[in-house]
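start09.pdb (PDB, C-alpha atoms, pLDDT in the B column)
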ATOM      1  CA  ARG B  12      14.615  19.430 -60.662  1.00 67.00           C
ATOM      2  CA  GLN B  13      16.927  20.186 -63.584  1.00 80.00           C
ATOM      3  CA  ARG B  14      14.132  21.685 -65.674  1.00 84.00           C
ATOM      4  CA  PHE B  15      11.869  23.202 -62.987  1.00 81.00           C
ATOM      5  CA  HIS B  16      12.454  25.151 -59.843  1.00 82.00           C
ATOM      6  CA  VAL B  17       9.815  24.406 -57.164  1.00 79.00           C
ATOM      7  CA  ILE B  18       9.264  27.316 -54.818  1.00 85.00           C
ATOM      8  CA  HIS B  19       9.389  26.324 -51.114  1.00 87.00           C
ATOM      9  CA  PHE B  20      10.409  22.804 -52.077  1.00 86.00           C
ATOM     10  CA  ARG B  21      11.205  21.640 -48.514  1.00 89.00           C
ATOM     11  CA  GLN B  22       7.880  22.813 -47.130  1.00 91.00           C
ATOM     12  CA  VAL B  23       5.975  21.042 -49.933  1.00 88.00           C
ATOM     13  CA  VAL B  24       7.865  17.773 -49.317  1.00 88.00           C
ATOM     14  CA  LYS B  25       7.293  18.003 -45.572  1.00 90.00           C
ATOM     15  CA  ARG B  26       3.590  18.606 -46.068  1.00 90.00           C
ATOM     16  CA  VAL B  27       3.267  15.601 -48.382  1.00 89.00           C
ATOM     17  CA  ILE B  28       5.170  13.319 -45.996  1.00 89.00           C
ATOM     18  CA  ARG B  29       3.162  14.586 -43.010  1.00 89.00           C
ATOM     19  CA  ASN B  30      -0.137  13.757 -44.742  1.00 91.00           C
ATOM     20  CA  CYS B  31       1.017  10.329 -45.976  1.00 91.00           C
ATOM     21  CA  LEU B  32      -0.533   7.614 -43.746  1.00 91.00           C
ATOM     22  CA  ILE B  33       2.042   4.964 -44.642  1.00 91.00           C
ATOM     23  CA  CYS B  34       4.946   7.279 -43.788  1.00 87.00           C
ATOM     24  CA  HIS B  35       3.208   8.301 -40.578  1.00 85.00           C
ATOM     25  CA  ARG B  36       2.791   4.671 -39.520  1.00 88.00           C
ATOM     26  CA  PHE B  37       6.495   3.880 -40.072  1.00 88.00           C
ATOM     27  CA  ARG B  38       7.582   7.021 -38.209  1.00 86.00           C
ATOM     28  CA  THR B  39       5.767   6.241 -34.965  1.00 87.00           C
ATOM     29  CA  LYS B  40       7.682   5.233 -31.850  1.00 88.00           C
ATOM     30  CA  PRO B  41       6.359   3.224 -28.916  1.00 87.00           C
ATOM     31  CA  LEU B  42       5.078   5.303 -26.025  1.00 85.00           C
ATOM     32  CA  GLN B  43       7.015   5.393 -22.800  1.00 86.00           C
ATOM     33  CA  GLN B  44       4.913   4.944 -19.675  1.00 85.00           C
ATOM     34  CA  LYS B  45       5.118   7.864 -17.295  1.00 83.00           C
ATOM     35  CA  MET B  46       5.325   6.491 -13.783  1.00 81.00           C
ATOM     36  CA  GLY B  47       4.755   8.421 -10.587  1.00 80.00           C
ATOM     37  CA  GLU B  48       7.292   8.625  -7.815  1.00 83.00           C
ATOM     38  CA  LEU B  49       7.052   5.652  -5.467  1.00 78.00           C
ATOM     39  CA  PRO B  50       7.591   6.137  -1.735  1.00 74.00           C
ATOM     40  CA  GLU B  51      10.991   5.201  -0.376  1.00 76.00           C
ATOM     41  CA  SER B  52       9.563   2.276   1.601  1.00 70.00           C
ATOM     42  CA  ARG B  53       8.466   0.620  -1.678  1.00 73.00           C
ATOM     43  CA  VAL B  54      11.764   1.119  -3.561  1.00 79.00           C
ATOM     44  CA  VAL B  55      14.618   0.569  -1.088  1.00 82.00           C
ATOM     45  CA  PRO B  56      15.512  -3.130  -0.616  1.00 84.00           C
ATOM     46  CA  ALA B  57      14.758  -4.399   2.876  1.00 86.00           C
ATOM     47  CA  PRO B  58      14.142  -7.700   4.649  1.00 88.00           C
ATOM     48  CA  ALA B  59      10.682  -9.234   4.489  1.00 87.00           C
ATOM     49  CA  PHE B  60       8.118  -7.533   6.740  1.00 89.00           C
ATOM     50  CA  TYR B  61      10.506  -4.698   7.610  1.00 88.00           C
ATOM     51  CA  ASP B  62       7.718  -2.360   6.500  1.00 87.00           C
ATOM     52  CA  VAL B  63       4.146  -3.599   6.861  1.00 88.00           C
ATOM     53  CA  GLY B  64       0.761  -2.639   5.446  1.00 87.00           C
ATOM     54  CA  LEU B  65      -2.208  -4.017   7.327  1.00 86.00           C
ATOM     55  CA  ASP B  66      -5.955  -4.267   7.139  1.00 85.00           C
ATOM     56  CA  PHE B  67      -8.856  -6.387   8.359  1.00 85.00           C
ATOM     57  CA  THR B  68     -10.793  -8.520   5.945  1.00 84.00           C
ATOM     58  CA  GLY B  69     -13.882 -10.629   5.921  1.00 78.00           C
ATOM     59  CA  ALA B  70     -16.474 -11.660   8.352  1.00 82.00           C
ATOM     60  CA  LEU B  71     -15.833 -15.372   8.602  1.00 87.00           C
ATOM     61  CA  GLN B  72     -18.069 -17.957  10.230  1.00 90.00           C
ATOM     62  CA  ILE B  73     -15.941 -19.822  12.790  1.00 87.00           C
ATOM     63  CA  ARG B  74     -17.289 -23.011  14.292  1.00 86.00           C
ATOM     64  CA  ASP B  75     -16.126 -24.264  17.669  1.00 81.00           C
ATOM     65  CA  GLY B  76     -17.628 -26.544  20.315  1.00 82.00           C
ATOM     66  CA  SER B  77     -20.161 -23.980  21.546  1.00 85.00           C
ATOM     67  CA  GLY B  78     -21.481 -22.881  18.148  1.00 88.00           C
ATOM     68  CA  ILE B  79     -20.748 -20.559  15.249  1.00 89.00           C
ATOM     69  CA  HIS B  80     -19.068 -17.185  15.852  1.00 87.00           C
ATOM     70  CA  LYS B  81     -18.064 -14.311  13.637  1.00 89.00           C
ATOM     71  CA  GLY B  82     -14.323 -13.799  13.107  1.00 90.00           C
ATOM     72  CA  TYR B  83     -12.024 -11.543  11.109  1.00 91.00           C
ATOM     73  CA  VAL B  84      -8.617 -11.922   9.498  1.00 90.00           C
ATOM     74  CA  CYS B  85      -5.901  -9.334  10.054  1.00 90.00           C
ATOM     75  CA  VAL B  86      -3.790  -9.217   6.874  1.00 91.00           C
ATOM     76  CA  PHE B  87      -0.159  -8.110   7.219  1.00 92.00           C
ATOM     77  CA  THR B  88       1.457  -7.373   3.831  1.00 89.00           C
ATOM     78  CA  CYS B  89       5.086  -6.622   2.952  1.00 88.00           C
ATOM     79  CA  PRO B  90       5.400  -3.868   0.296  1.00 84.00           C
ATOM     80  CA  HIS B  91       8.844  -5.078  -0.817  1.00 83.00           C
ATOM     81  CA  SER B  92       8.258  -8.766  -1.435  1.00 83.00           C
ATOM     82  CA  ARG B  93       4.418  -8.912  -1.403  1.00 83.00           C
ATOM     83  CA  MET B  94       4.558 -11.598   1.268  1.00 88.00           C
ATOM     84  CA  VAL B  95       1.381 -11.985   3.302  1.00 91.00           C
ATOM     85  CA  HIS B  96       0.791 -13.008   6.914  1.00 93.00           C
ATOM     86  CA  PHE B  97      -2.710 -13.768   8.234  1.00 92.00           C
ATOM     87  CA  GLU B  98      -3.827 -13.590  11.863  1.00 92.00           C
ATOM     88  CA  LEU B  99      -7.275 -14.731  12.941  1.00 91.00           C
ATOM     89  CA  THR B 100      -9.116 -12.470  15.404  1.00 90.00           C
ATOM     90  CA  MET B 101     -12.508 -12.981  17.001  1.00 89.00           C
ATOM     91  CA  ASN B 102     -13.478  -9.309  16.681  1.00 85.00           C
ATOM     92  CA  MET B 103     -11.960  -5.991  15.610  1.00 82.00           C
ATOM     93  CA  THR B 104     -11.340  -4.546  19.058  1.00 83.00           C
ATOM     94  CA  THR B 105      -8.063  -2.920  19.979  1.00 81.00           C
ATOM     95  CA  GLU B 106      -7.178  -5.665  22.453  1.00 82.00           C
ATOM     96  CA  GLU B 107      -7.676  -8.398  19.834  1.00 86.00           C
ATOM     97  CA  PHE B 108      -5.638  -6.433  17.303  1.00 84.00           C
ATOM     98  CA  LEU B 109      -2.765  -5.867  19.732  1.00 83.00           C
ATOM     99  CA  GLN B 110      -2.690  -9.605  20.445  1.00 88.00           C
ATOM    100  CA  ALA B 111      -2.611 -10.312  16.690  1.00 90.00           C
ATOM    101  CA  LEU B 112       0.177  -7.735  16.262  1.00 86.00           C
ATOM    102  CA  ARG B 113       2.151  -9.351  19.076  1.00 86.00           C
ATOM    103  CA  ARG B 114       1.760 -12.796  17.459  1.00 91.00           C
ATOM    104  CA  PHE B 115       2.863 -11.354  14.108  1.00 91.00           C
ATOM    105  CA  LEU B 116       5.964  -9.713  15.609  1.00 87.00           C
ATOM    106  CA  ASN B 117       6.887 -12.879  17.493  1.00 88.00           C
ATOM    107  CA  ARG B 118       6.582 -14.929  14.336  1.00 91.00           C
ATOM    108  CA  ARG B 119       8.104 -12.583  11.718  1.00 88.00           C
ATOM    109  CA  GLY B 120      10.410 -10.355  13.773  1.00 85.00           C
ATOM    110  CA  SER B 121      10.211  -6.649  14.476  1.00 82.00           C
ATOM    111  CA  CYS B 122       9.218  -4.163  11.816  1.00 83.00           C
ATOM    112  CA  ARG B 123      10.259  -0.558  11.231  1.00 82.00           C
ATOM    113  CA  SER B 124       6.937   0.928  10.189  1.00 82.00           C
ATOM    114  CA  ILE B 125       3.296  -0.016   9.910  1.00 83.00           C
ATOM    115  CA  GLU B 126       1.050   1.603   7.331  1.00 84.00           C
ATOM    116  CA  SER B 127      -2.721   1.262   7.572  1.00 83.00           C
ATOM    117  CA  ASP B 128      -6.016   2.916   6.819  1.00 82.00           C
ATOM    118  CA  ASN B 129      -7.778   5.149   9.339  1.00 77.00           C
ATOM    119  CA  GLN B 130      -9.866   2.492  11.061  1.00 75.00           C
ATOM    120  CA  THR B 131     -10.594   3.352  14.683  1.00 72.00           C
ATOM    121  CA  THR B 132      -8.962   0.119  15.870  1.00 75.00           C
ATOM    122  CA  PHE B 133      -5.672   1.119  14.252  1.00 74.00           C
ATOM    123  CA  LYS B 134      -5.892   4.716  15.478  1.00 75.00           C
ATOM    124  CA  LYS B 135      -6.467   3.596  19.060  1.00 76.00           C
ATOM    125  CA  SER B 136      -3.672   1.008  18.812  1.00 75.00           C
ATOM    126  CA  GLN B 137      -1.282   3.634  17.521  1.00 73.00           C
ATOM    127  CA  LYS B 138      -2.143   5.917  20.435  1.00 74.00           C
ATOM    128  CA  LEU B 139      -1.632   3.061  22.861  1.00 71.00           C
ATOM    129  CA  LEU B 140       1.777   2.277  21.394  1.00 67.00           C
ATOM    130  CA  ASP B 141       2.962   5.903  21.147  1.00 64.00           C
ATOM    131  CA  GLN B 142       1.570   7.642  24.206  1.00 60.00           C
ATOM    132  CA  GLU B 143       1.498   6.894  27.873  1.00 43.00           C
ATOM    133  CA  SER B 144      -2.090   6.474  28.974  1.00 39.00           C
ATOM    134  CA  ASP B 145      -3.925   6.082  32.226  1.00 42.00           C
ATOM    135  CA  ASN B 146      -5.119   2.661  33.295  1.00 40.00           C
ATOM    136  CA  GLN B 147      -8.609   4.062  33.961  1.00 36.00           C
ATOM    137  CA  ILE B 148      -9.080   5.075  30.309  1.00 40.00           C
ATOM    138  CA  TRP B 149      -8.051   1.787  28.742  1.00 43.00           C
ATOM    139  CA  GLY B 150      -9.571  -0.534  31.304  1.00 48.00           C
ATOM    140  CA  SER B 151      -8.094  -4.022  31.190  1.00 52.00           C
ATOM    141  CA  LEU B 152      -4.901  -3.111  29.299  1.00 54.00           C
ATOM    142  CA  ASP B 153      -1.765  -3.016  31.431  1.00 56.00           C
ATOM    143  CA  LYS B 154       0.122   0.288  30.978  1.00 53.00           C
ATOM    144  CA  ALA B 155       3.515  -1.197  31.825  1.00 60.00           C
ATOM    145  CA  LYS B 156       3.120  -3.929  29.205  1.00 59.00           C
ATOM    146  CA  ILE B 157       2.087  -1.417  26.521  1.00 55.00           C
ATOM    147  CA  ASP B 158       5.062   0.868  27.273  1.00 55.00           C
ATOM    148  CA  LYS B 159       7.463  -2.064  27.247  1.00 61.00           C
ATOM    149  CA  PHE B 160       5.948  -3.386  23.988  1.00 62.00           C
ATOM    150  CA  SER B 161       6.344  -0.099  22.071  1.00 57.00           C
ATOM    151  CA  ALA B 162       9.819   0.590  23.485  1.00 58.00           C
ATOM    152  CA  GLU B 163      11.097  -2.863  22.527  1.00 66.00           C
ATOM    153  CA  ASN B 164       9.715  -2.777  19.005  1.00 65.00           C
ATOM    154  CA  GLY B 165      10.242   0.894  18.044  1.00 73.00           C
ATOM    155  CA  ILE B 166       7.332   0.908  15.601  1.00 74.00           C
ATOM    156  CA  THR B 167       6.372   4.044  13.686  1.00 76.00           C
ATOM    157  CA  TRP B 168       2.794   4.099  12.460  1.00 76.00           C
ATOM    158  CA  LYS B 169       1.667   5.836   9.257  1.00 79.00           C
ATOM    159  CA  PHE B 170      -1.930   6.385   8.224  1.00 81.00           C
ATOM    160  CA  ILE B 171      -3.114   6.953   4.674  1.00 80.00           C
ATOM    161  CA  THR B 172      -5.112  10.027   3.725  1.00 76.00           C
ATOM    162  CA  GLU B 173      -8.701  10.057   4.968  1.00 77.00           C
ATOM    163  CA  ARG B 174     -11.266   8.549   2.565  1.00 74.00           C
ATOM    164  CA  SER B 175      -8.684   7.439  -0.003  1.00 71.00           C
ATOM    165  CA  PRO B 176      -8.478   3.629  -0.040  1.00 68.00           C
ATOM    166  CA  PHE B 177      -6.428   3.686  -3.263  1.00 69.00           C
ATOM    167  CA  ARG B 178      -3.461   4.867  -1.161  1.00 75.00           C
ATOM    168  CA  GLY B 179      -3.278   1.442   0.442  1.00 72.00           C
ATOM    169  CA  GLY B 180      -3.488  -0.362  -2.852  1.00 75.00           C
ATOM    170  CA  TYR B 181      -1.030  -3.144  -2.141  1.00 75.00           C
ATOM    171  CA  TRP B 182      -2.748  -4.405   0.997  1.00 76.00           C
ATOM    172  CA  GLU B 183      -6.268  -3.786  -0.333  1.00 75.00           C
ATOM    173  CA  ARG B 184      -5.352  -5.948  -3.321  1.00 76.00           C
ATOM    174  CA  MET B 185      -4.332  -8.750  -0.957  1.00 73.00           C
ATOM    175  CA  ASN B 186      -7.737  -8.486   0.740  1.00 70.00           C
ATOM    176  CA  ARG B 187      -9.443  -8.897  -2.604  1.00 73.00           C
ATOM    177  CA  SER B 188      -7.338 -11.945  -3.450  1.00 72.00           C
TER
END
The structure given in the file should be rewritten as structure tokens.
Amino acid sequence: RQRFHVIHFRQVVKRVIRNCLICHRFRTKPLQQKMGELPESRVVPAPAFYDVGLDFTGALQIRDGSGIHKGYVCVFTCPHSRMVHFELTMNMTTEEFLQALRRFLNRRGSCRSIESDNQTTFKKSQKLLDQESDNQIWGSLDKAKIDKFSAENGITWKFITERSPFRGGYWERMNRS
């Protein structure tokens, strides 16, 4: 540099360093993962089963004295602690599900919200818990018991977007396990 003057010296040095593979390798920084916003029910600390995700799984062969019957498992999952509660049901009717829900609430305590997919059993159960219905429509279900059940528990029901099972990832993963 004492004998020669290089024109645009900084630009030449930058170009050489930019094209040098060894320099490029030492300059790299680890990538930071970009994470999407999680819903409040997944982030805020809460007691176990305060919020619940639920789904049916399996068609199990259940043997009793009279023969072999088909049964299903209702999986209740806590988004905070990933705890799981299983309830055995003989079929996926609304009456069987409401009995399984009642057993779950008696065992684990009341919950603030239930999140599920758009299965017709869950939709009908949500309507039964939220609205007052006529006894003629629902047949054997007692209207007074349904009203008392929803008033005592104060459950809000959330459904995921139609045809998007990835929205219920944490309870679908429990079904797979």
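Here the question is which of B:Arg53, B:Arg113, B:Arg123, B:Lys81 gets nearest to B:Ser136 using all atoms listed in the file, and that residue is B:Arg113.
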Practice problem: Could you give me, as a PyMOL selection string, the residues that sit within 8 Å of (1.3, 3.2, 16.5) in the file's coordinates, counting all atoms listed in the file? | Solution: chain B and resi 125+133-134+136-141+166-169
Go ahead and write the selection's residues with C-alpha atoms as a compact mmCIF listing (two decimals), keeping the file's coordinate frame.
# COMPACT_ATOMS: atom_id res chain seq x y z
CA ILE B 125 3.30 -0.02 9.91
CA PHE B 133 -5.67 1.12 14.25
CA LYS B 134 -5.89 4.72 15.48
CA SER B 136 -3.67 1.01 18.81
CA GLN B 137 -1.28 3.63 17.52
CA LYS B 138 -2.14 5.92 20.43
CA LEU B 139 -1.63 3.06 22.86
CA LEU B 140 1.78 2.28 21.39
CA ASP B 141 2.96 5.90 21.15
CA ILE B 166 7.33 0.91 15.60
CA THR B 167 6.37 4.04 13.69
CA TRP B 168 2.79 4.10 12.46
CA LYS B 169 1.67 5.84 9.26
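Taking atom CA of B:Gln110 and atom CA of B:Cys85 as the two end points, the separation is 10.9 Å.
Atom pair atom CA of B:Ile73 / atom CA of B:Met94 has a distance of 24.9 Å (rounded to one decimal).
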Matched chain/residue IDs from the PyMOL selection byres ((chain B and resi 64-67) around 9), as an mmCIF file with C-alpha atoms, keeping the file's coordinate frame:
data_model
loop_
_atom_site.group_PDB
_atom_site.id
_atom_site.type_symbol
_atom_site.label_atom_id
_atom_site.label_comp_id
_atom_site.auth_asym_id
_atom_site.auth_seq_id
_atom_site.Cartn_x
_atom_site.Cartn_y
_atom_site.Cartn_z
ATOM 1 C CA PHE B 60 8.118 -7.533 6.740
ATOM 2 C CA ASP B 62 7.718 -2.360 6.500
ATOM 3 C CA VAL B 63 4.146 -3.599 6.861
ATOM 4 C CA THR B 68 -10.793 -8.520 5.945
ATOM 5 C CA GLY B 69 -13.882 -10.629 5.921
ATOM 6 C CA TYR B 83 -12.024 -11.543 11.109
ATOM 7 C CA VAL B 84 -8.617 -11.922 9.498
ATOM 8 C CA CYS B 85 -5.901 -9.334 10.054
ATOM 9 C CA VAL B 86 -3.790 -9.217 6.874
ATOM 10 C CA PHE B 87 -0.159 -8.110 7.219
ATOM 11 C CA THR B 88 1.457 -7.373 3.831
ATOM 12 C CA CYS B 89 5.086 -6.622 2.952
ATOM 13 C CA PRO B 90 5.400 -3.868 0.296
ATOM 14 C CA MET B 103 -11.960 -5.991 15.610
ATOM 15 C CA SER B 124 6.937 0.928 10.189
ATOM 16 C CA ILE B 125 3.296 -0.016 9.910
ATOM 17 C CA GLU B 126 1.050 1.603 7.331
ATOM 18 C CA SER B 127 -2.721 1.262 7.572
ATOM 19 C CA ASP B 128 -6.016 2.916 6.819
ATOM 20 C CA GLN B 130 -9.866 2.492 11.061
ATOM 21 C CA PHE B 133 -5.672 1.119 14.252
ATOM 22 C CA GLY B 179 -3.278 1.442 0.442
ATOM 23 C CA TYR B 181 -1.030 -3.144 -2.141
ATOM 24 C CA TRP B 182 -2.748 -4.405 0.997
ATOM 25 C CA GLU B 183 -6.268 -3.786 -0.333
ATOM 26 C CA ASN B 186 -7.737 -8.486 0.740
#
Box time for stretch 54-73 of chain B: axis-aligned, enclosing all its listed atoms, 4 Å extra on each side; report centre and edge lengths in Å to one decimal, as lines of an AutoDock Vina configuration file.
center_x = -1.3
center_y = -9.4
center_z = 4.6
size_x = 41.6
size_y = 28.9
size_z = 24.4
Quiz prompt | Counting all atoms listed in the file, the residue of B:Phe170, B:Arg114, B:His91, B:Ile33 that sits nearest B:Leu49 | solution = B:His91
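Atom CA of B:Arg38 lies 15.5 Å from atom CA of B:Val24.
Each of B:Val54, B:Ala70, B:Leu109, B:Leu116 was compared to B:His96 using all atoms listed in the file, and B:Leu116 turns out to be the nearest.
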